[in-house]
file query-v6.cif (mmCIF, C-alpha atoms)
data_data
loop_
_atom_site.label_atom_id
_atom_site.label_comp_id
_atom_site.auth_asym_id
_atom_site.auth_seq_id
_atom_site.Cartn_x
_atom_site.Cartn_y
_atom_site.Cartn_z
CA MET A 1 0.00 0.00 0.00
CA ARG A 2 1.50 3.32 -1.11
CA ILE A 3 0.80 5.96 1.54
CA CYS A 4 1.76 9.61 1.92
CA VAL A 5 1.36 11.99 4.84
CA ILE A 6 -0.20 15.38 4.20
CA ILE A 7 0.16 18.22 6.65
CA PRO A 8 -1.68 21.56 6.37
CA ALA A 9 0.60 24.18 7.88
CA TYR A 10 0.18 27.82 8.79
CA ASN A 11 3.12 29.53 10.51
CA GLU A 12 4.59 26.25 11.78
CA ALA A 13 8.27 27.06 11.18
CA LYS A 14 9.19 26.06 14.74
CA GLU A 15 7.99 22.45 14.59
CA ILE A 16 7.79 21.50 10.93
CA ALA A 17 11.36 20.35 10.17
CA GLY A 18 11.56 17.88 13.05
CA LEU A 19 8.13 16.51 12.21
CA ILE A 20 9.05 15.98 8.55
CA ARG A 21 12.29 14.21 9.40
CA ARG A 22 10.53 11.84 11.79
CA ILE A 23 7.98 10.92 9.11
CA THR A 24 10.46 10.52 6.25
CA GLY A 25 12.49 8.34 8.61
CA LEU A 26 9.55 5.93 8.43
CA GLY A 27 9.93 5.76 4.65
CA LEU A 28 6.87 7.88 3.86
CA GLU A 29 6.57 10.84 1.51
CA VAL A 30 5.47 14.08 3.17
CA ILE A 31 3.36 16.72 1.43
CA ILE A 32 3.17 20.04 3.24
CA ILE A 33 0.39 22.40 2.21
CA ASP A 34 1.62 25.81 3.26
CA ASP A 35 -1.57 27.81 3.77
CA GLY A 36 -0.26 31.32 3.22
CA SER A 37 2.23 31.27 6.13
CA LEU A 38 3.84 34.57 7.07
CA ASP A 39 6.98 32.86 8.40
CA ASP A 40 9.52 30.49 6.79
CA THR A 41 7.36 27.36 7.01
CA ALA A 42 7.52 26.59 3.28
CA MET A 43 11.28 27.08 2.95
CA ILE A 44 12.07 25.06 6.08
CA ALA A 45 9.71 22.26 5.01
CA ALA A 46 11.31 22.00 1.59
CA SER A 47 14.80 21.95 3.11
CA ALA A 48 13.71 19.14 5.45
CA GLY A 49 12.70 16.97 2.50
CA ALA A 50 8.97 17.58 2.06
CA ASN A 51 7.12 18.23 -1.16
CA VAL A 52 5.60 21.69 -0.56
CA LEU A 53 2.35 22.94 -2.09
CA ARG A 54 1.58 26.59 -1.42
CA ASN A 55 -1.54 28.73 -1.10
CA SER A 56 -0.80 32.39 -1.81
CA SER A 57 -3.04 33.41 1.09
CA ASN A 58 -4.62 31.72 4.09
CA ALA A 59 -7.52 29.76 2.59
CA GLY A 60 -8.37 27.62 5.61
CA LYS A 61 -7.46 24.18 6.89
CA GLY A 62 -10.12 22.50 4.78
CA ALA A 63 -8.87 24.12 1.59
CA ALA A 64 -5.33 23.00 2.42
CA LEU A 65 -6.47 19.43 3.07
CA ILE A 66 -8.42 19.32 -0.18
CA LYS A 67 -5.36 20.50 -2.09
CA GLY A 68 -3.29 17.74 -0.48
CA TYR A 69 -5.93 15.10 -1.18
CA SER A 70 -6.10 16.11 -4.85
CA TYR A 71 -2.33 15.83 -5.12
CA ALA A 72 -2.36 12.37 -3.54
CA VAL A 73 -5.09 11.06 -5.83
CA ALA A 74 -3.41 12.54 -8.92
CA HIS A 75 -0.09 10.94 -7.98
CA GLY A 76 -1.43 7.45 -7.42
CA PHE A 77 -1.29 7.05 -3.64
CA ASP A 78 -3.47 4.29 -2.20
CA ALA A 79 -4.14 6.18 1.04
CA VAL A 80 -3.40 9.44 2.77
CA ILE A 81 -2.58 10.07 6.41
CA SER A 82 -3.36 13.62 7.50
CA MET A 83 -1.90 15.13 10.65
CA ASP A 84 -1.38 18.56 12.17
CA GLY A 85 1.85 20.50 11.80
CA ASP A 86 2.15 21.83 15.33
CA GLY A 87 3.59 18.73 16.97
CA GLN A 88 0.38 17.62 18.72
CA HIS A 89 0.27 14.29 16.89
CA SER A 90 2.83 11.58 17.61
CA CYS A 91 4.60 10.00 14.64
CA LEU A 92 4.72 6.80 16.68
CA ASP A 93 1.01 6.38 15.93
CA ILE A 94 1.49 6.38 12.15
CA GLU A 95 2.28 2.67 12.12
CA THR A 96 -0.99 2.02 13.98
CA PHE A 97 -2.94 3.58 11.13
CA ILE A 98 -1.00 1.66 8.49
CA GLN A 99 -1.48 -1.71 10.17
CA LYS A 100 -5.19 -1.04 10.66
CA ALA A 101 -5.55 -0.05 7.00
CA LYS A 102 -3.98 -3.34 5.93
CA THR A 103 -6.30 -5.50 8.01
CA SER A 104 -9.58 -3.57 8.09
CA PRO A 105 -12.26 -3.08 5.43
CA ALA A 106 -12.75 0.48 6.71
CA ALA A 107 -11.97 3.18 4.16
CA VAL A 108 -11.58 5.90 6.81
CA ILE A 109 -9.60 5.30 9.99
CA ALA A 110 -9.94 8.15 12.46
CA GLY A 111 -7.70 8.89 15.40
CA ASN A 112 -9.36 8.72 18.81
CA ARG A 113 -7.90 10.85 21.62
CA MET A 114 -10.86 10.53 23.96
CA ALA A 115 -9.54 7.58 25.95
CA MET A 116 -6.45 9.62 26.83
CA THR A 117 -7.64 13.16 27.54
CA LYS A 118 -5.07 14.03 30.20
CA GLY A 119 -3.76 17.49 29.40
CA MET A 120 -6.61 18.26 27.01
CA PRO A 121 -8.50 21.43 28.06
CA ALA A 122 -11.81 20.52 29.72
CA LEU A 123 -13.83 22.68 27.32
CA ARG A 124 -12.26 20.92 24.36
CA VAL A 125 -13.10 17.51 25.84
CA LEU A 126 -16.76 18.50 26.25
CA THR A 127 -16.93 20.09 22.80
CA ASN A 128 -15.34 17.08 21.14
CA ARG A 129 -17.75 14.69 22.83
CA LEU A 130 -20.77 16.77 21.79
CA MET A 131 -19.64 17.17 18.19
CA SER A 132 -18.72 13.49 17.96
CA ARG A 133 -22.16 12.48 19.19
CA LEU A 134 -23.86 14.71 16.62
CA ILE A 135 -21.76 13.46 13.73
CA SER A 136 -22.15 9.85 14.82
CA LEU A 137 -25.92 10.35 14.61
CA ILE A 138 -25.66 11.78 11.10
CA THR A 139 -23.29 9.08 9.83
CA LYS A 140 -25.11 6.27 11.65
CA GLN A 141 -21.67 5.01 12.70
CA TYR A 142 -20.03 5.38 16.09
CA ILE A 143 -17.05 7.74 15.78
CA PRO A 144 -15.71 8.61 19.25
CA ASP A 145 -13.52 11.54 18.15
CA THR A 146 -14.74 13.21 14.99
CA GLN A 147 -12.63 16.31 15.62
CA CYS A 148 -9.25 14.58 15.47
CA GLY A 149 -7.31 15.64 12.38
CA PHE A 150 -5.04 12.60 12.60
CA ARG A 151 -6.60 10.04 10.27
CA LEU A 152 -6.07 7.74 7.30
CA ILE A 153 -8.30 7.92 4.24
CA LYS A 154 -8.15 5.49 1.35
CA LYS A 155 -8.12 6.68 -2.26
CA GLU A 156 -11.60 5.37 -3.09
CA VAL A 157 -13.08 7.81 -0.59
CA LEU A 158 -11.06 10.80 -1.77
CA ALA A 159 -11.87 10.13 -5.41
CA GLY A 160 -15.60 10.15 -4.64
CA LEU A 161 -15.91 13.28 -2.49
CA ASP A 162 -17.26 16.63 -3.63
CA PHE A 163 -16.43 19.21 -0.98
CA SER A 164 -18.60 22.18 -0.02
CA THR A 165 -16.45 23.54 2.85
CA THR A 166 -12.95 25.01 3.17
CA LYS A 167 -12.45 25.60 6.91
CA TYR A 168 -12.25 23.39 10.00
CA GLU A 169 -15.62 21.75 9.31
CA THR A 170 -14.12 20.02 6.25
CA GLU A 171 -12.86 17.21 8.50
CA SER A 172 -16.43 16.56 9.62
CA GLU A 173 -17.69 16.81 6.03
CA ILE A 174 -15.31 14.01 5.03
CA LEU A 175 -16.78 11.66 7.65
CA ILE A 176 -20.38 12.49 6.78
CA LYS A 177 -19.97 12.17 3.02
CA ALA A 178 -17.85 9.03 3.27
CA ALA A 179 -20.60 7.42 5.35
CA ARG A 180 -23.27 8.49 2.84
CA LEU A 181 -21.25 6.83 0.09
CA GLY A 182 -21.40 3.60 2.09
CA PHE A 183 -17.85 3.55 3.41
CA LYS A 184 -17.06 2.09 6.81
CA ILE A 185 -15.34 4.32 9.39
CA GLU A 186 -13.26 2.87 12.22
CA SER A 187 -11.10 4.44 14.92
CA VAL A 188 -7.72 3.77 16.50
CA PRO A 189 -6.39 5.24 19.76
CA VAL A 190 -3.83 8.02 19.35
CA LYS A 191 -1.85 10.15 21.73
CA THR A 192 -2.08 13.93 21.66
CA ILE A 193 0.84 16.01 22.87
CA TYR A 194 -0.08 19.29 24.56
CA SER A 195 2.85 21.65 25.11
CA GLY A 196 1.31 25.10 25.06
CA GLN A 197 0.34 25.26 21.39
CA LYS A 198 -2.10 28.05 20.61
CA SER A 199 -5.20 26.91 18.77
CA GLN A 200 -5.89 28.63 15.47
CA ILE A 201 -9.62 27.95 15.80
CA ASN A 202 -11.71 31.07 16.35
CA PRO A 203 -13.99 30.01 19.24
CA VAL A 204 -16.90 32.14 18.00
CA ILE A 205 -16.72 32.23 14.20
CA ASP A 206 -15.55 28.64 13.70
CA THR A 207 -18.03 27.24 16.24
CA LEU A 208 -20.95 29.07 14.59
CA ARG A 209 -19.78 27.92 11.17
CA PHE A 210 -19.56 24.34 12.41
CA PHE A 211 -23.04 24.30 13.92
CA ARG A 212 -24.51 25.86 10.79
CA PHE A 213 -22.87 23.06 8.82
CA ILE A 214 -24.18 20.40 11.21
CA ILE A 215 -27.75 21.76 11.09
CA LEU A 216 -27.69 21.67 7.28
CA GLU A 217 -26.35 18.12 7.33
CA PHE A 218 -29.08 17.02 9.75
CA LEU A 219 -31.68 18.44 7.39
CA ARG A 220 -30.08 16.62 4.45
CA SER A 221 -30.07 13.40 6.45
CA PHE A 222 -33.81 13.62 7.08
CA LYS A 223 -34.42 14.44 3.41
CA HIS A 224 -32.55 11.31 2.28
CA ALA A 225 -33.93 9.07 5.03
#

call {"tool": "encode", "arguments": {"input": "query-v6.cif", "output": "structure tokens"}}
result
Amino acid sequence: MRICVIIPAYNEAKEIAGLIRRITGLGLEVIIIDDGSLDDTAMIAASAGANVLRNSSNAGKGAALIKGYSYAVAHGFDAVISMDGDGQHSCLDIETFIQKAKTSPAAVIAGNRMAMTKGMPALRVLTNRLMSRLISLITKQYIPDTQCGFRLIKKEVLAGLDFSTTKYETESEILIKAARLGFKIESVPVKTIYSGQKSQINPVIDTLRFFRFIILEFLRSFKHA
């Protein structure tokens, strides 16, 4: 199975080189989608051995992911692992995704942090549980951590998706649309490393955007029921 790792990155110059070297040390190709960074993220990533795709301005995490997915499909990868560029995801978990992909019929394998929430802000734990419950209802599949950006997606899913979002809700859109296409979604436990990273999520704008998206998806679910 030919797998690449895609990483949307915005102003991640501090962490990105070490992350890339750890992943390439596993024998995997790394695609960095530099989402209009104002620092040296793109230059550092290229020097560390990544293939760098660039957005001229900050288009949003979803837009960056979509760009990476399109690249992976066009270049014949069998699956894509997506992870964050700020060091919160452990490269040690990559092998867990790969082994699960080889043995499971699931086309989407999502990371699950909810069994190991030590260090995770309490508000984030509550928000993740609520959002995961809502999306599990829509997909009719139990997904314990729908907000985890660390996941593996097989090419048959990516080739069949038509995206309508470009921000943080894109990760939820992937799960919902994959389920509607009949794909199975499974989860694997992953560790999250909290070391003072500042979230780039706007707690008001992004939360409102997410709930608007969820409401629309609930309505679509009832229409197709």

call {"tool": "residues_around", "arguments": {"input": "query-v6.cif", "residues": "segment 14-24 of chain A", "least_positions_apart": "4", "cutoff": "7 Å", "atoms": "all atoms listed in the file", "output": "number ranges by chain"}}
result
A: 28-30, 44-45, 48, 50, 85-87, 91

call {"tool": "residues_around", "arguments": {"input": "query-v6.cif", "residues": "segment 168-173 of chain A", "least_positions_apart": "4", "cutoff": "7 Å", "atoms": "only C-alpha atoms", "output": "MDAnalysis selection string"}}
result
chainID A and resid 61:62 146 149 177 210

call {"tool": "residues_around", "arguments": {"input": "query-v6.cif", "residues": "Ser57 of chain A", "least_positions_apart": "4", "cutoff": "12 Å", "atoms": "only C-alpha atoms", "output": "PyMOL selection string"}}
result
chain A and resi 10-11+33-38+61+63-64

call {"tool": "closest_residue", "arguments": {"input": "query-v6.cif", "among": "A:Gln147, A:Asn55, A:Ser104, A:Ser164", "to": "Glu217 of chain A", "atoms": "all atoms listed in the file"}}
result
A:Ser164

call {"tool": "atom_distance", "arguments": {"input": "query-v6.cif", "atom1": "atom CA of Ile6 of chain A", "atom2": "atom CA of Leu53 of chain A"}}
result
10.2 Å

call {"tool": "residues_around", "arguments": {"input": "query-v6.cif", "residues": "Thr103 of chain A", "least_positions_apart": "5", "cutoff": "12 Å", "atoms": "all atoms listed in the file", "output": "PyMOL selection string"}}
result
chain A and resi 1+96-98+109+186

call {"tool": "residues_around", "arguments": {"input": "query-v6.cif", "residues": "segment 120-127 of chain A", "least_positions_apart": "2", "cutoff": "10 Å", "atoms": "all atoms listed in the file", "output": "MDAnalysis selection string"}}
result
chainID A and resid 113:114 116:118 129:133 145 147 192:194 207

call {"tool": "write_last_selection", "arguments": {"input": "query-v6.cif", "atoms": "C-alpha atoms", "output": "tab-separated table (two decimals), keeping the file's coordinate frame"}}
result
chain	number	residue	atom	x	y	z
A	113	ARG	CA	-7.90	10.85	21.62
A	114	MET	CA	-10.86	10.53	23.96
A	116	MET	CA	-6.45	9.62	26.83
A	117	THR	CA	-7.64	13.16	27.54
A	118	LYS	CA	-5.07	14.03	30.20
A	129	ARG	CA	-17.75	14.69	22.83
A	130	LEU	CA	-20.77	16.77	21.79
A	131	MET	CA	-19.64	17.17	18.19
A	132	SER	CA	-18.72	13.49	17.96
A	133	ARG	CA	-22.16	12.48	19.19
A	145	ASP	CA	-13.52	11.54	18.15
A	147	GLN	CA	-12.63	16.31	15.62
A	192	THR	CA	-2.08	13.93	21.66
A	193	ILE	CA	0.84	16.01	22.87
A	194	TYR	CA	-0.08	19.29	24.56
A	207	THR	CA	-18.03	27.24	16.24

call {"tool": "build_atoms", "arguments": {"input": "query-v6.cif", "residues": "segment 71-98 of chain A", "atoms": "N, CA and C atoms", "output": "CSV table (one decimal), keeping the file's coordinate frame"}}
result
chain,number,residue,atom,x,y,z
A,71,TYR,N,-3.7,16.2,-4.7
A,71,TYR,CA,-2.3,15.8,-5.1
A,71,TYR,C,-2.1,14.3,-4.9
A,72,ALA,N,-2.6,13.8,-3.8
A,72,ALA,CA,-2.4,12.4,-3.5
A,72,ALA,C,-3.1,11.5,-4.5
A,73,VAL,N,-4.3,11.8,-4.9
A,73,VAL,CA,-5.1,11.1,-5.8
A,73,VAL,C,-4.4,11.1,-7.2
A,74,ALA,N,-4.0,12.3,-7.6
A,74,ALA,CA,-3.4,12.5,-8.9
A,74,ALA,C,-2.1,11.8,-9.1
A,75,HIS,N,-1.4,11.6,-7.9
A,75,HIS,CA,-0.1,10.9,-8.0
A,75,HIS,C,-0.1,9.5,-7.6
A,76,GLY,N,-1.3,8.9,-7.5
A,76,GLY,CA,-1.4,7.4,-7.4
A,76,GLY,C,-1.2,6.8,-6.0
A,77,PHE,N,-1.4,7.6,-5.0
A,77,PHE,CA,-1.3,7.0,-3.6
A,77,PHE,C,-2.5,6.2,-3.3
A,78,ASP,N,-2.3,5.2,-2.6
A,78,ASP,CA,-3.5,4.3,-2.2
A,78,ASP,C,-4.2,4.8,-1.0
A,79,ALA,N,-3.5,5.6,-0.2
A,79,ALA,CA,-4.1,6.2,1.0
A,79,ALA,C,-3.3,7.4,1.5
A,80,VAL,N,-4.0,8.2,2.2
A,80,VAL,CA,-3.4,9.4,2.8
A,80,VAL,C,-3.6,9.5,4.3
A,81,ILE,N,-2.5,9.8,5.0
A,81,ILE,CA,-2.6,10.1,6.4
A,81,ILE,C,-2.5,11.6,6.6
A,82,SER,N,-3.4,12.2,7.2
A,82,SER,CA,-3.4,13.6,7.5
A,82,SER,C,-3.1,13.8,9.0
A,83,MET,N,-2.2,14.8,9.3
A,83,MET,CA,-1.9,15.1,10.6
A,83,MET,C,-1.6,16.6,10.7
A,84,ASP,N,-1.6,17.1,12.0
A,84,ASP,CA,-1.4,18.6,12.2
A,84,ASP,C,0.1,18.9,12.2
A,85,GLY,N,0.5,20.1,11.9
A,85,GLY,CA,1.8,20.5,11.8
A,85,GLY,C,2.4,21.1,13.0
A,86,ASP,N,1.7,21.1,14.1
A,86,ASP,CA,2.2,21.8,15.3
A,86,ASP,C,2.8,20.9,16.4
A,87,GLY,N,3.0,19.6,16.0
A,87,GLY,CA,3.6,18.7,17.0
A,87,GLY,C,2.6,18.0,17.9
A,88,GLN,N,1.3,18.2,17.8
A,88,GLN,CA,0.4,17.6,18.7
A,88,GLN,C,0.2,16.1,18.5
A,89,HIS,N,0.5,15.7,17.2
A,89,HIS,CA,0.3,14.3,16.9
A,89,HIS,C,1.6,13.6,16.9
A,90,SER,N,1.6,12.4,17.5
A,90,SER,CA,2.8,11.6,17.6
A,90,SER,C,3.1,10.7,16.4
A,91,CYS,N,4.3,10.8,15.8
A,91,CYS,CA,4.6,10.0,14.6
A,91,CYS,C,4.6,8.5,15.0
A,92,LEU,N,4.7,8.2,16.3
A,92,LEU,CA,4.7,6.8,16.7
A,92,LEU,C,3.4,6.1,16.4
A,93,ASP,N,2.3,6.9,16.2
A,93,ASP,CA,1.0,6.4,15.9
A,93,ASP,C,0.8,6.1,14.4
A,94,ILE,N,1.7,6.6,13.6
A,94,ILE,CA,1.5,6.4,12.2
A,94,ILE,C,1.4,4.9,11.8
A,95,GLU,N,2.3,4.1,12.4
A,95,GLU,CA,2.3,2.7,12.1
A,95,GLU,C,1.0,2.0,12.5
A,96,THR,N,0.3,2.5,13.6
A,96,THR,CA,-1.0,2.0,14.0
A,96,THR,C,-2.0,2.2,12.9
A,97,PHE,N,-2.0,3.3,12.3
A,97,PHE,CA,-2.9,3.6,11.1
A,97,PHE,C,-2.6,2.6,10.0
A,98,ILE,N,-1.4,2.5,9.6
A,98,ILE,CA,-1.0,1.7,8.5
A,98,ILE,C,-1.4,0.2,8.7
